[in-house]
>>> print(open('input_25.cif').read())   # mmCIF, C-alpha atoms
data_work
#
loop_
_atom_site.group_PDB
_atom_site.id
_atom_site.type_symbol
_atom_site.label_atom_id
_atom_site.label_comp_id
_atom_site.auth_asym_id
_atom_site.auth_seq_id
_atom_site.Cartn_x
_atom_site.Cartn_y
_atom_site.Cartn_z
ATOM 1 C CA ILE A 17 86.634 95.118 104.594
ATOM 2 C CA SER A 18 87.426 95.461 108.263
ATOM 3 C CA ALA A 19 90.131 93.104 109.484
ATOM 4 C CA SER A 20 87.763 92.059 112.283
ATOM 5 C CA ASP A 21 85.213 90.850 109.689
ATOM 6 C CA PRO A 22 84.776 87.052 109.540
ATOM 7 C CA LEU A 23 85.591 87.279 105.807
ATOM 8 C CA ASN A 24 89.143 88.273 106.710
ATOM 9 C CA LEU A 25 90.841 85.107 105.480
ATOM 10 C CA THR A 26 94.030 86.891 104.464
ATOM 11 C CA GLY A 27 96.978 84.771 105.529
ATOM 12 C CA ILE A 28 94.705 81.869 106.492
ATOM 13 C CA ILE A 29 93.474 80.642 103.110
ATOM 14 C CA THR A 30 95.223 83.151 100.837
ATOM 15 C CA PRO A 31 98.988 83.610 100.631
ATOM 16 C CA GLY A 32 100.625 86.428 102.565
ATOM 17 C CA LYS A 33 100.787 87.431 106.176
ATOM 18 C CA LYS A 34 97.770 87.336 108.486
ATOM 19 C CA ILE A 35 96.175 90.699 109.203
ATOM 20 C CA PRO A 36 95.402 91.140 112.928
ATOM 21 C CA SER A 37 91.667 91.268 113.697
ATOM 22 C CA PHE A 38 91.498 94.781 115.123
ATOM 23 C CA THR A 39 88.602 97.055 114.159
ATOM 24 C CA GLY A 40 90.973 99.819 112.985
ATOM 25 C CA ASN A 41 92.721 97.537 110.487
ATOM 26 C CA ARG A 42 91.261 97.243 106.988
ATOM 27 C CA ILE A 43 91.874 95.217 103.833
ATOM 28 C CA LEU A 44 91.266 96.361 100.257
ATOM 29 C CA TYR A 45 90.586 93.637 97.690
ATOM 30 C CA LYS A 46 90.488 94.062 93.924
ATOM 31 C CA ASP A 47 89.193 91.113 91.882
ATOM 32 C CA GLY A 48 89.610 88.867 94.931
ATOM 33 C CA VAL A 49 93.273 89.762 95.460
ATOM 34 C CA VAL A 50 94.599 91.899 98.307
ATOM 35 C CA GLU A 51 95.646 95.301 96.922
ATOM 36 C CA ALA A 52 96.637 96.948 100.200
ATOM 37 C CA THR A 53 96.062 96.865 103.939
ATOM 38 C CA PHE A 54 95.714 99.520 106.618
ATOM 39 C CA GLU A 55 97.465 98.389 109.781
ATOM 40 C CA SER A 56 98.439 100.441 112.832
ATOM 41 C CA GLY A 57 97.674 103.704 111.027
ATOM 42 C CA GLU A 58 99.833 102.857 108.011
ATOM 43 C CA VAL A 59 98.889 101.832 104.457
ATOM 44 C CA VAL A 60 100.859 98.799 103.234
ATOM 45 C CA PHE A 61 100.653 98.077 99.505
ATOM 46 C CA ALA A 62 100.739 94.437 98.349
ATOM 47 C CA LYS A 63 102.201 95.524 95.007
ATOM 48 C CA GLU A 64 103.707 98.732 93.730
ATOM 49 C CA SER A 65 101.163 101.253 92.532
ATOM 50 C CA GLU A 66 101.908 104.604 90.966
ATOM 51 C CA GLY A 67 100.307 108.005 90.583
ATOM 52 C CA PRO A 68 96.559 108.424 90.930
ATOM 53 C CA GLU A 69 95.961 104.697 91.472
ATOM 54 C CA LYS A 70 98.085 104.772 94.629
ATOM 55 C CA TRP A 71 96.107 107.713 96.024
ATOM 56 C CA LYS A 72 92.757 106.077 95.198
ATOM 57 C CA ILE A 73 93.798 102.952 97.108
ATOM 58 C CA ARG A 74 95.041 105.005 100.049
ATOM 59 C CA ASP A 75 91.849 107.104 100.171
ATOM 60 C CA ALA A 76 89.698 103.966 100.095
ATOM 61 C CA LEU A 77 91.456 102.581 103.179
ATOM 62 C CA VAL A 78 91.868 105.699 105.319
ATOM 63 C CA GLN A 79 88.730 106.801 107.134
ATOM 64 C CA ARG A 80 88.419 110.434 108.035
ATOM 65 C CA ARG A 81 86.612 111.589 111.128
ATOM 66 C CA ILE A 82 84.086 114.317 110.330
ATOM 67 C CA SER A 83 82.343 116.294 113.019
ATOM 68 C CA PRO A 84 78.610 115.433 113.239
ATOM 69 C CA LYS A 85 77.887 119.182 113.087
ATOM 70 C CA LEU A 86 79.526 119.415 109.641
ATOM 71 C CA ARG A 87 77.984 116.315 108.048
ATOM 72 C CA PRO A 88 74.701 117.984 106.966
ATOM 73 C CA TYR A 89 76.677 120.608 105.027
ATOM 74 C CA LEU A 90 78.903 118.241 103.063
ATOM 75 C CA GLY A 91 78.057 118.187 99.374
ATOM 76 C CA LYS A 92 75.733 121.205 99.587
ATOM 77 C CA GLY A 93 76.113 123.784 96.852
ATOM 78 C CA ILE A 94 77.936 121.484 94.453
ATOM 79 C CA VAL A 95 76.318 121.503 91.034
#
>>> encode(input="input_25.cif", output="structure tokens")
Amino acid sequence: ISASDPLNLTGIITPGKKIPSFTGNRILYKDGVVEATFESGEVVFAKESEGPEKWKIRDALVQRRISPKLRPYLGKGIV
């Protein structure tokens, strides 16, 4: 979720530090527990993750900017 979302109760109700409510910051939960956060352009893991799991978490948090001109072509030709 976005850190600016009203559901951002990290550090208020749950243990851990409070995540600043900026629109660029994001929080990734798994089974109701914070897995990682994206703050100031950096992914911070709540616990150590290894291999593919670490990359899946990172990819879920990092948003990529895609040119509006390219969006219609994404996924075309994949069978």
>>> atom_distance(input="input_25.cif", atom1="CA of Ala52 in chain A", atom2="CA of Leu77 in chain A")
8.2 Å
>>> atom_distance(input="input_25.cif", atom1="CA of Asp47 in chain A", atom2="CA of Arg81 in chain A")
28.2 Å
>>> closest_residue(input="input_25.cif", among="A:Gly40, A:Asp21, A:Thr26, A:Glu69", to="Glu55 in chain A", atoms="only C-alpha atoms")
A:Gly40
>>> resolve_selection(input="input_25.cif", expression="the PyMOL selection byres ((chain A and resi 74) around 10)", output="list in words")
Leu44, Ala52, Thr53, Phe54, Glu58, Val59, Val60, Phe61, Pro68, Glu69, Lys70, Trp71, Lys72, Ile73, Asp75, Ala76, Leu77, Val78 and Gln79 of chain A
>>> write_last_selection(input="input_25.cif", atoms="C-alpha atoms", output="PDB file, in the coordinates of the input")
ATOM      1  CA  LEU A  44      91.266  96.361 100.257  1.00  0.00           C
ATOM      2  CA  ALA A  52      96.637  96.948 100.200  1.00  0.00           C
ATOM      3  CA  THR A  53      96.062  96.865 103.939  1.00  0.00           C
ATOM      4  CA  PHE A  54      95.714  99.520 106.618  1.00  0.00           C
ATOM      5  CA  GLU A  58      99.833 102.857 108.011  1.00  0.00           C
ATOM      6  CA  VAL A  59      98.889 101.832 104.457  1.00  0.00           C
ATOM      7  CA  VAL A  60     100.859  98.799 103.234  1.00  0.00           C
ATOM      8  CA  PHE A  61     100.653  98.077  99.505  1.00  0.00           C
ATOM      9  CA  PRO A  68      96.559 108.424  90.930  1.00  0.00           C
ATOM     10  CA  GLU A  69      95.961 104.697  91.472  1.00  0.00           C
ATOM     11  CA  LYS A  70      98.085 104.772  94.629  1.00  0.00           C
ATOM     12  CA  TRP A  71      96.107 107.713  96.024  1.00  0.00           C
ATOM     13  CA  LYS A  72      92.757 106.077  95.198  1.00  0.00           C
ATOM     14  CA  ILE A  73      93.798 102.952  97.108  1.00  0.00           C
ATOM     15  CA  ASP A  75      91.849 107.104 100.171  1.00  0.00           C
ATOM     16  CA  ALA A  76      89.698 103.966 100.095  1.00  0.00           C
ATOM     17  CA  LEU A  77      91.456 102.581 103.179  1.00  0.00           C
ATOM     18  CA  VAL A  78      91.868 105.699 105.319  1.00  0.00           C
ATOM     19  CA  GLN A  79      88.730 106.801 107.134  1.00  0.00           C
TER      20      GLN A  79
END
>>> atom_distance(input="input_25.cif", atom1="CA of Val50 in chain A", atom2="CA of Ala62 in chain A")
6.6 Å
>>> axis_aligned_box(input="input_25.cif", around="range 56-75 of chain A", padding_each_side="5 Å", output="lines of an AutoDock Vina configuration file")
center_x = 97.8
center_y = 101.4
center_z = 101.7
size_x = 21.9
size_y = 24.0
size_z = 32.2
>>> resolve_selection(input="input_25.cif", expression="the PyMOL selection byres ((chain A and resi 18) around 9)", output="PyMOL selection string")
chain A and resi 17+19-24+37-44
>>> decode(input="input_25.cif", residues="range 19-38 of chain A", atoms="N, CA and C atoms", output="JSON list (two decimals), in the first residue's frame")
[["chain", "number", "residue", "atom", "x", "y", "z"],
["A", 19, "ALA", "N", 2.28, 4.64, 1.48],
["A", 19, "ALA", "CA", 2.47, 5.09, 2.86],
["A", 19, "ALA", "C", 1.52, 6.24, 3.20],
["A", 20, "SER", "N", 0.96, 6.90, 2.18],
["A", 20, "SER", "CA", 0.01, 7.98, 2.45],
["A", 20, "SER", "C", -1.41, 7.46, 2.64],
["A", 21, "ASP", "N", -1.62, 6.16, 2.47],
["A", 21, "ASP", "CA", -2.92, 5.53, 2.65],
["A", 21, "ASP", "C", -3.31, 5.57, 4.13],
["A", 22, "PRO", "N", -4.58, 5.81, 4.45],
["A", 22, "PRO", "CA", -5.00, 5.81, 5.85],
["A", 22, "PRO", "C", -4.78, 4.47, 6.55],
["A", 23, "LEU", "N", -4.62, 3.38, 5.79],
["A", 23, "LEU", "CA", -4.35, 2.07, 6.39],
["A", 23, "LEU", "C", -2.89, 1.91, 6.82],
["A", 24, "ASN", "N", -2.08, 2.91, 6.57],
["A", 24, "ASN", "CA", -0.69, 2.87, 6.99],
["A", 24, "ASN", "C", -0.62, 3.06, 8.51],
["A", 25, "LEU", "N", -0.70, 1.97, 9.23],
["A", 25, "LEU", "CA", -0.63, 2.01, 10.69],
["A", 25, "LEU", "C", 0.70, 1.45, 11.19],
["A", 26, "THR", "N", 1.66, 1.31, 10.27],
["A", 26, "THR", "CA", 2.97, 0.81, 10.63],
["A", 26, "THR", "C", 3.65, 1.78, 11.58],
["A", 27, "GLY", "N", 4.07, 1.29, 12.72],
["A", 27, "GLY", "CA", 4.72, 2.11, 13.72],
["A", 27, "GLY", "C", 3.75, 2.82, 14.64],
["A", 28, "ILE", "N", 2.46, 2.77, 14.33],
["A", 28, "ILE", "CA", 1.45, 3.38, 15.19],
["A", 28, "ILE", "C", 0.80, 2.29, 16.04],
["A", 29, "ILE", "N", 0.27, 1.28, 15.37],
["A", 29, "ILE", "CA", -0.36, 0.15, 16.07],
["A", 29, "ILE", "C", 0.59, -1.05, 16.08],
["A", 30, "THR", "N", 1.30, -1.24, 14.96],
["A", 30, "THR", "CA", 2.21, -2.38, 14.85],
["A", 30, "THR", "C", 3.61, -1.99, 15.32],
["A", 31, "PRO", "N", 4.42, -2.96, 15.73],
["A", 31, "PRO", "CA", 5.78, -2.62, 16.14],
["A", 31, "PRO", "C", 6.62, -2.19, 14.95],
["A", 32, "GLY", "N", 7.69, -1.48, 15.22],
["A", 32, "GLY", "CA", 8.58, -1.01, 14.17],
["A", 32, "GLY", "C", 8.50, 0.49, 14.03],
["A", 33, "LYS", "N", 9.33, 1.02, 13.15],
["A", 33, "LYS", "CA", 9.34, 2.47, 12.98],
["A", 33, "LYS", "C", 8.19, 2.94, 12.10],
["A", 34, "LYS", "N", 7.79, 4.17, 12.28],
["A", 34, "LYS", "CA", 6.71, 4.77, 11.49],
["A", 34, "LYS", "C", 7.23, 5.11, 10.11],
["A", 35, "ILE", "N", 6.44, 4.80, 9.09],
["A", 35, "ILE", "CA", 6.80, 5.10, 7.72],
["A", 35, "ILE", "C", 6.20, 6.46, 7.36],
["A", 36, "PRO", "N", 7.01, 7.43, 6.94],
["A", 36, "PRO", "CA", 6.48, 8.75, 6.60],
["A", 36, "PRO", "C", 5.40, 8.68, 5.52],
["A", 37, "SER", "N", 4.38, 9.51, 5.65],
["A", 37, "SER", "CA", 3.23, 9.49, 4.75],
["A", 37, "SER", "C", 3.46, 10.29, 3.48],
["A", 38, "PHE", "N", 4.45, 9.91, 2.71],
["A", 38, "PHE", "CA", 4.70, 10.52, 1.41],
["A", 38, "PHE", "C", 4.17, 9.58, 0.33]]
